[in-house]
file upload_13.pdb (PDB, C-alpha atoms, pLDDT in the B column)
ATOM      1  CA  HIS A  11      54.761 213.366 165.359  1.00 44.00           C
ATOM      2  CA  SER A  12      55.963 211.440 162.394  1.00 45.00           C
ATOM      3  CA  TYR A  13      58.291 211.956 159.489  1.00 44.00           C
ATOM      4  CA  ASN A  14      57.429 210.978 155.966  1.00 45.00           C
ATOM      5  CA  PHE A  15      59.765 209.751 153.264  1.00 42.00           C
ATOM      6  CA  GLN A  16      60.513 213.300 152.129  1.00 45.00           C
ATOM      7  CA  ASN A  17      61.792 214.372 155.571  1.00 47.00           C
ATOM      8  CA  LYS A  18      58.829 216.639 156.145  1.00 47.00           C
ATOM      9  CA  HIS A  19      57.359 216.936 159.597  1.00 46.00           C
ATOM     10  CA  GLU A  20      53.712 215.945 159.754  1.00 45.00           C
ATOM     11  CA  GLU A  21      51.212 216.388 162.566  1.00 37.00           C
ATOM     12  CA  PHE A  22      49.120 213.262 162.577  1.00 36.00           C
ATOM     13  CA  LEU A  23      49.807 211.739 165.957  1.00 36.00           C
ATOM     14  CA  GLU A  24      48.054 212.624 169.162  1.00 35.00           C
ATOM     15  CA  LYS A  25      48.481 216.102 170.543  1.00 37.00           C
ATOM     16  CA  ASP A  26      49.939 214.936 173.834  1.00 52.00           C
ATOM     17  CA  GLU A  27      53.049 213.735 171.976  1.00 69.00           C
ATOM     18  CA  ARG A  28      53.193 210.513 173.967  1.00 73.00           C
ATOM     19  CA  ARG A  29      53.202 208.168 170.993  1.00 67.00           C
ATOM     20  CA  MET A  30      55.506 208.009 167.990  1.00 67.00           C
ATOM     21  CA  VAL A  31      55.470 205.706 164.980  1.00 67.00           C
ATOM     22  CA  ILE A  32      58.207 205.887 162.370  1.00 65.00           C
ATOM     23  CA  HIS A  33      57.260 204.438 159.015  1.00 63.00           C
ATOM     24  CA  LYS A  34      60.151 205.841 157.027  1.00 61.00           C
ATOM     25  CA  LEU A  35      62.937 208.027 158.347  1.00 56.00           C
ATOM     26  CA  ASP A  36      65.646 209.498 156.190  1.00 53.00           C
ATOM     27  CA  LYS A  37      66.836 211.869 158.902  1.00 54.00           C
ATOM     28  CA  ASP A  38      69.179 211.036 161.709  1.00 56.00           C
ATOM     29  CA  VAL A  39      67.258 209.531 164.608  1.00 54.00           C
ATOM     30  CA  ASN A  40      68.671 212.309 166.837  1.00 56.00           C
ATOM     31  CA  GLN A  41      66.421 214.761 165.007  1.00 58.00           C
ATOM     32  CA  ALA A  42      63.399 212.505 165.364  1.00 54.00           C
ATOM     33  CA  ILE A  43      63.790 212.013 169.103  1.00 56.00           C
ATOM     34  CA  SER A  44      64.328 215.553 170.245  1.00 58.00           C
ATOM     35  CA  SER A  45      64.707 216.690 173.829  1.00 51.00           C
ATOM     36  CA  GLU A  46      61.139 218.021 173.793  1.00 56.00           C
ATOM     37  CA  TRP A  47      59.879 214.447 173.640  1.00 65.00           C
ATOM     38  CA  SER A  48      60.792 213.479 177.168  1.00 70.00           C
ATOM     39  CA  ARG A  49      57.105 212.640 177.672  1.00 71.00           C
ATOM     40  CA  LEU A  50      57.180 209.994 174.934  1.00 74.00           C
ATOM     41  CA  ARG A  51      55.620 206.747 176.212  1.00 77.00           C
ATOM     42  CA  SER A  52      55.258 204.626 173.068  1.00 71.00           C
ATOM     43  CA  PHE A  53      57.851 204.285 170.319  1.00 71.00           C
ATOM     44  CA  VAL A  54      57.221 202.060 167.315  1.00 67.00           C
ATOM     45  CA  THR A  55      59.547 201.848 164.348  1.00 68.00           C
ATOM     46  CA  LEU A  56      58.562 200.079 161.182  1.00 62.00           C
ATOM     47  CA  GLU A  57      61.684 201.350 159.423  1.00 59.00           C
ATOM     48  CA  ARG A  58      63.798 198.273 158.741  1.00 60.00           C
ATOM     49  CA  ASN A  59      66.773 200.308 157.565  1.00 58.00           C
ATOM     50  CA  MET A  60      67.093 202.373 160.723  1.00 56.00           C
ATOM     51  CA  SER A  61      70.701 201.591 161.469  1.00 51.00           C
ATOM     52  CA  SER A  62      71.503 204.198 164.092  1.00 56.00           C
ATOM     53  CA  PRO A  63      73.927 202.505 166.489  1.00 54.00           C
ATOM     54  CA  ASN A  64      72.689 204.539 169.426  1.00 64.00           C
ATOM     55  CA  LEU A  65      68.924 204.374 168.928  1.00 68.00           C
ATOM     56  CA  LEU A  66      68.219 202.620 172.220  1.00 72.00           C
ATOM     57  CA  THR A  67      70.703 204.781 174.098  1.00 75.00           C
ATOM     58  CA  LEU A  68      68.814 207.842 172.860  1.00 73.00           C
ATOM     59  CA  VAL A  69      65.425 206.381 173.715  1.00 74.00           C
ATOM     60  CA  ALA A  70      66.529 205.292 177.200  1.00 74.00           C
ATOM     61  CA  GLY A  71      68.193 208.636 177.863  1.00 75.00           C
ATOM     62  CA  LYS A  72      65.454 210.933 176.607  1.00 77.00           C
ATOM     63  CA  CYS A  73      62.309 208.863 177.129  1.00 79.00           C
ATOM     64  CA  ARG A  74      62.783 207.373 180.583  1.00 81.00           C
ATOM     65  CA  TYR A  75      59.074 206.697 181.143  1.00 85.00           C
ATOM     66  CA  MET A  76      58.641 204.664 177.951  1.00 86.00           C
ATOM     67  CA  SER A  77      56.017 201.936 178.345  1.00 92.00           C
ATOM     68  CA  VAL A  78      55.847 200.525 174.781  1.00 91.00           C
ATOM     69  CA  LEU A  79      58.918 199.924 172.632  1.00 89.00           C
ATOM     70  CA  GLU A  80      58.500 198.129 169.302  1.00 86.00           C
ATOM     71  CA  LEU A  81      61.640 197.743 167.227  1.00 84.00           C
ATOM     72  CA  ILE A  82      60.223 195.567 164.478  1.00 82.00           C
ATOM     73  CA  GLY A  83      62.878 194.499 161.991  1.00 80.00           C
ATOM     74  CA  LEU A  84      65.726 196.159 163.891  1.00 79.00           C
ATOM     75  CA  PRO A  85      68.912 195.489 161.877  1.00 78.00           C
ATOM     76  CA  LYS A  86      71.175 195.446 164.965  1.00 79.00           C
ATOM     77  CA  ASP A  87      72.365 192.173 166.481  1.00 82.00           C
ATOM     78  CA  ASN A  88      72.410 193.303 170.106  1.00 83.00           C
ATOM     79  CA  ILE A  89      70.509 195.454 172.567  1.00 86.00           C
ATOM     80  CA  PRO A  90      72.578 197.757 174.805  1.00 86.00           C
ATOM     81  CA  ASN A  91      72.418 197.487 178.598  1.00 89.00           C
ATOM     82  CA  VAL A  92      70.598 200.836 178.828  1.00 88.00           C
ATOM     83  CA  ILE A  93      67.384 198.980 177.996  1.00 90.00           C
ATOM     84  CA  GLY A  94      67.272 198.129 181.711  1.00 93.00           C
ATOM     85  CA  ASP A  95      66.918 201.841 182.518  1.00 91.00           C
ATOM     86  CA  LEU A  96      63.414 201.902 181.032  1.00 91.00           C
ATOM     87  CA  PHE A  97      61.862 200.954 184.375  1.00 92.00           C
ATOM     88  CA  ASN A  98      58.303 201.657 183.203  1.00 94.00           C
ATOM     89  CA  LEU A  99      58.531 199.469 180.070  1.00 94.00           C
ATOM     90  CA  LYS A 100      55.551 197.119 179.799  1.00 97.00           C
ATOM     91  CA  HIS A 101      55.815 195.945 176.184  1.00 96.00           C
ATOM     92  CA  LEU A 102      59.026 195.182 174.268  1.00 95.00           C
ATOM     93  CA  SER A 103      58.919 193.813 170.733  1.00 93.00           C
ATOM     94  CA  LEU A 104      61.981 192.719 168.795  1.00 91.00           C
ATOM     95  CA  ARG A 105      59.894 190.807 166.268  1.00 90.00           C
ATOM     96  CA  ASP A 106      61.586 190.023 162.966  1.00 89.00           C
ATOM     97  CA  SER A 107      64.845 191.639 164.136  1.00 87.00           C
ATOM     98  CA  MET A 108      68.489 190.639 163.808  1.00 88.00           C
ATOM     99  CA  VAL A 109      68.967 190.761 167.600  1.00 88.00           C
ATOM    100  CA  LYS A 110      70.880 187.697 168.833  1.00 90.00           C
ATOM    101  CA  PHE A 111      71.258 188.388 172.559  1.00 89.00           C
ATOM    102  CA  LEU A 112      69.339 190.152 175.288  1.00 92.00           C
ATOM    103  CA  PRO A 113      71.480 191.948 177.878  1.00 93.00           C
ATOM    104  CA  ASN A 114      71.423 190.873 181.519  1.00 94.00           C
ATOM    105  CA  SER A 115      69.927 194.274 182.369  1.00 94.00           C
ATOM    106  CA  ILE A 116      66.616 192.941 181.016  1.00 95.00           C
ATOM    107  CA  GLU A 117      66.007 191.663 184.554  1.00 96.00           C
ATOM    108  CA  LYS A 118      65.594 195.275 185.726  1.00 96.00           C
ATOM    109  CA  LEU A 119      62.427 195.686 183.662  1.00 96.00           C
ATOM    110  CA  SER A 120      60.201 194.859 186.621  1.00 96.00           C
ATOM    111  CA  ASN A 121      57.044 196.173 184.909  1.00 97.00           C
ATOM    112  CA  LEU A 122      57.530 194.228 181.661  1.00 97.00           C
ATOM    113  CA  MET A 123      54.373 192.301 180.798  1.00 98.00           C
ATOM    114  CA  THR A 124      54.965 191.382 177.137  1.00 97.00           C
ATOM    115  CA  LEU A 125      58.188 190.325 175.428  1.00 97.00           C
ATOM    116  CA  ASP A 126      57.852 189.545 171.715  1.00 95.00           C
ATOM    117  CA  LEU A 127      60.873 187.759 170.236  1.00 94.00           C
ATOM    118  CA  CYS A 128      59.142 186.026 167.307  1.00 92.00           C
ATOM    119  CA  LYS A 129      61.210 185.774 164.151  1.00 90.00           C
ATOM    120  CA  SER A 130      64.235 187.301 165.895  1.00 90.00           C
ATOM    121  CA  GLU A 131      67.663 185.689 165.970  1.00 90.00           C
ATOM    122  CA  ILE A 132      67.570 185.187 169.753  1.00 88.00           C
ATOM    123  CA  GLN A 133      68.387 181.606 170.704  1.00 83.00           C
ATOM    124  CA  GLU A 134      68.953 181.981 174.431  1.00 86.00           C
ATOM    125  CA  LEU A 135      67.359 184.054 177.178  1.00 90.00           C
ATOM    126  CA  PRO A 136      69.402 185.464 180.060  1.00 92.00           C
ATOM    127  CA  GLY A 137      68.827 183.740 183.397  1.00 91.00           C
ATOM    128  CA  GLY A 138      67.533 186.959 184.961  1.00 92.00           C
ATOM    129  CA  ILE A 139      64.374 186.737 182.891  1.00 92.00           C
ATOM    130  CA  VAL A 140      62.846 184.686 185.709  1.00 93.00           C
ATOM    131  CA  LYS A 141      62.962 187.836 187.879  1.00 94.00           C
ATOM    132  CA  LEU A 142      60.313 189.471 185.706  1.00 96.00           C
ATOM    133  CA  LYS A 143      57.345 188.754 187.971  1.00 96.00           C
ATOM    134  CA  LYS A 144      54.857 190.738 185.862  1.00 97.00           C
ATOM    135  CA  LEU A 145      55.815 189.044 182.569  1.00 96.00           C
ATOM    136  CA  ARG A 146      52.613 187.489 181.233  1.00 96.00           C
ATOM    137  CA  HIS A 147      53.305 187.068 177.516  1.00 96.00           C
ATOM    138  CA  LEU A 148      56.541 185.727 176.084  1.00 94.00           C
ATOM    139  CA  PHE A 149      56.307 185.253 172.338  1.00 93.00           C
ATOM    140  CA  ALA A 150      59.178 183.164 170.999  1.00 88.00           C
ATOM    141  CA  GLU A 151      59.750 180.324 168.611  1.00 79.00           C
ATOM    142  CA  LYS A 152      61.367 176.978 169.047  1.00 61.00           C
ATOM    143  CA  LEU A 153      62.208 175.456 165.726  1.00 53.00           C
ATOM    144  CA  ASN A 154      64.323 172.338 165.495  1.00 50.00           C
ATOM    145  CA  GLY A 155      65.781 170.566 162.545  1.00 47.00           C
ATOM    146  CA  LYS A 156      68.653 170.777 160.131  1.00 48.00           C
ATOM    147  CA  PHE A 157      67.911 174.330 159.018  1.00 48.00           C
ATOM    148  CA  TRP A 158      66.202 175.642 162.145  1.00 50.00           C
ATOM    149  CA  ARG A 159      67.713 177.000 165.308  1.00 52.00           C
ATOM    150  CA  ASP A 160      67.313 175.760 168.857  1.00 52.00           C
ATOM    151  CA  PHE A 161      65.824 178.046 171.473  1.00 50.00           C
ATOM    152  CA  GLN A 162      67.042 177.456 175.017  1.00 53.00           C
ATOM    153  CA  TRP A 163      67.074 178.933 178.508  1.00 53.00           C
ATOM    154  CA  SER A 164      70.372 179.944 180.042  1.00 53.00           C
ATOM    155  CA  THR A 165      71.114 179.221 183.684  1.00 46.00           C
TER     156      THR A 165
END
call {"tool": "encode", "arguments": {"input": "upload_13.pdb", "output": "structure tokens"}}
result
Amino acid sequence: HSYNFQNKHEEFLEKDERRMVIHKLDKDVNQAISSEWSRLRSFVTLERNMSSPNLLTLVAGKCRYMSVLELIGLPKDNIPNVIGDLFNLKHLSLRDSMVKFLPNSIEKLSNLMTLDLCKSEIQELPGGIVKLKKLRHLFAEKLNGKFWRDFQWST
């Protein structure tokens, strides 16, 4: 399911309701992620103005079997600890987001294979990231110089 810019419900995603892409959402995210979507496995938001403070809490609470979570351009500066409850998560993208820190609960994502942090504000990874044995792709940037930030590992 998807919502267009006029808040009208449109049926153009797959019938099994396992995937959701939000291009533009003027409604509250609570209405978009309803209780009937407990089978949701992939959630992609391209809405850069989605400022719901509890978006990830809703996703983690209602979509426990999520395997793909793309929060491209997320305007929040932190990710809540509930992200660690998404035990089936295989792909997490915070590309081009304002996120500055990853919570320590990231180490509980034992099935995570891809972590995309490109163009985010993250400068340091939590030490528990080394516990992610299935992590195969870590996309991050290290830019040094007067106007660039340093990317470093925490211990």
call {"tool": "resolve_selection", "arguments": {"input": "upload_13.pdb", "expression": "the PyMOL selection byres ((chain A and resi 113) around 12)", "output": "list in words"}}
result
Asp87, Asn88, Ile89, Pro90, Asn91, Val92, Ile93, Gly94, Asp95, Val109, Lys110, Phe111, Leu112, Asn114, Ser115, Ile116, Glu117, Lys118, Leu119, Ile132, Glu134, Leu135, Pro136, Gly137, Gly138 and Ile139 of chain A
call {"tool": "atom_distance", "arguments": {"input": "upload_13.pdb", "atom1": "CA of Lys129 (chain A)", "atom2": "CA of Leu142 (chain A)"}}
result
21.9 Å
call {"tool": "closest_residue", "arguments": {"input": "upload_13.pdb", "among": "A:His147, A:Lys72, A:Lys141, A:Arg105", "to": "Pro85 (chain A)", "atoms": "all atoms listed in the file"}}
result
A:Arg105
call {"tool": "closest_residue", "arguments": {"input": "upload_13.pdb", "among": "A:Ser77, A:Ser103, A:Ser52, A:Thr124", "to": "Arg146 (chain A)", "atoms": "all atoms listed in the file"}}
result
A:Thr124
call {"tool": "atom_distance", "arguments": {"input": "upload_13.pdb", "atom1": "CA of Leu79 (chain A)", "atom2": "CA of Lys100 (chain A)"}}
result
8.4 Å
call {"tool": "residues_around", "arguments": {"input": "upload_13.pdb", "residues": "Met76 (chain A)", "least_positions_apart": "2", "cutoff": "8 Å", "atoms": "all atoms listed in the file", "output": "PyMOL selection string"}}
result
chain A and resi 50-53+70+73-74+78-79+96+98-99
call {"tool": "write_last_selection", "arguments": {"input": "upload_13.pdb", "atoms": "C-alpha atoms", "output": "short mmCIF file (atom, residue, chain, number, x, y, z; two decimals), keeping the file's coordinate frame"}}
result
data_model
loop_
_atom_site.label_atom_id
_atom_site.label_comp_id
_atom_site.auth_asym_id
_atom_site.auth_seq_id
_atom_site.Cartn_x
_atom_site.Cartn_y
_atom_site.Cartn_z
CA LEU A 50 57.18 209.99 174.93
CA ARG A 51 55.62 206.75 176.21
CA SER A 52 55.26 204.63 173.07
CA PHE A 53 57.85 204.28 170.32
CA ALA A 70 66.53 205.29 177.20
CA CYS A 73 62.31 208.86 177.13
CA ARG A 74 62.78 207.37 180.58
CA VAL A 78 55.85 200.52 174.78
CA LEU A 79 58.92 199.92 172.63
CA LEU A 96 63.41 201.90 181.03
CA ASN A 98 58.30 201.66 183.20
CA LEU A 99 58.53 199.47 180.07
#
call {"tool": "closest_residue", "arguments": {"input": "upload_13.pdb", "among": "A:Leu102, A:Val69, A:Met108, A:Ala150", "to": "Leu125 (chain A)", "atoms": "only C-alpha atoms"}}
result
A:Leu102
call {"tool": "atom_distance", "arguments": {"input": "upload_13.pdb", "atom1": "CA of Lys86 (chain A)", "atom2": "CA of Asp126 (chain A)"}}
result
16.1 Å
call {"tool": "closest_residue", "arguments": {"input": "upload_13.pdb", "among": "A:Cys128, A:Met123, A:Leu104, A:Val140", "to": "Ile82 (chain A)", "atoms": "all atoms listed in the file"}}
result
A:Leu104
call {"tool": "closest_residue", "arguments": {"input": "upload_13.pdb", "among": "A:His101, A:Lys144, A:Arg28, A:Arg49", "to": "Leu81 (chain A)", "atoms": "all atoms listed in the file"}}
result
A:His101
call {"tool": "closest_residue", "arguments": {"input": "upload_13.pdb", "among": "A:Phe97, A:Tyr75, A:Ser107, A:Leu145", "to": "Ser130 (chain A)", "atoms": "only C-alpha atoms"}}
result
A:Ser107
call {"tool": "axis_aligned_box", "arguments": {"input": "upload_13.pdb", "around": "region 122-129 of chain A", "padding_each_side": "8 Å", "output": "JSON"}}
result
{"center_x": 57.8, "center_y": 190.0, "center_z": 172.9, "size_x": 22.8, "size_y": 24.5, "size_z": 33.5}
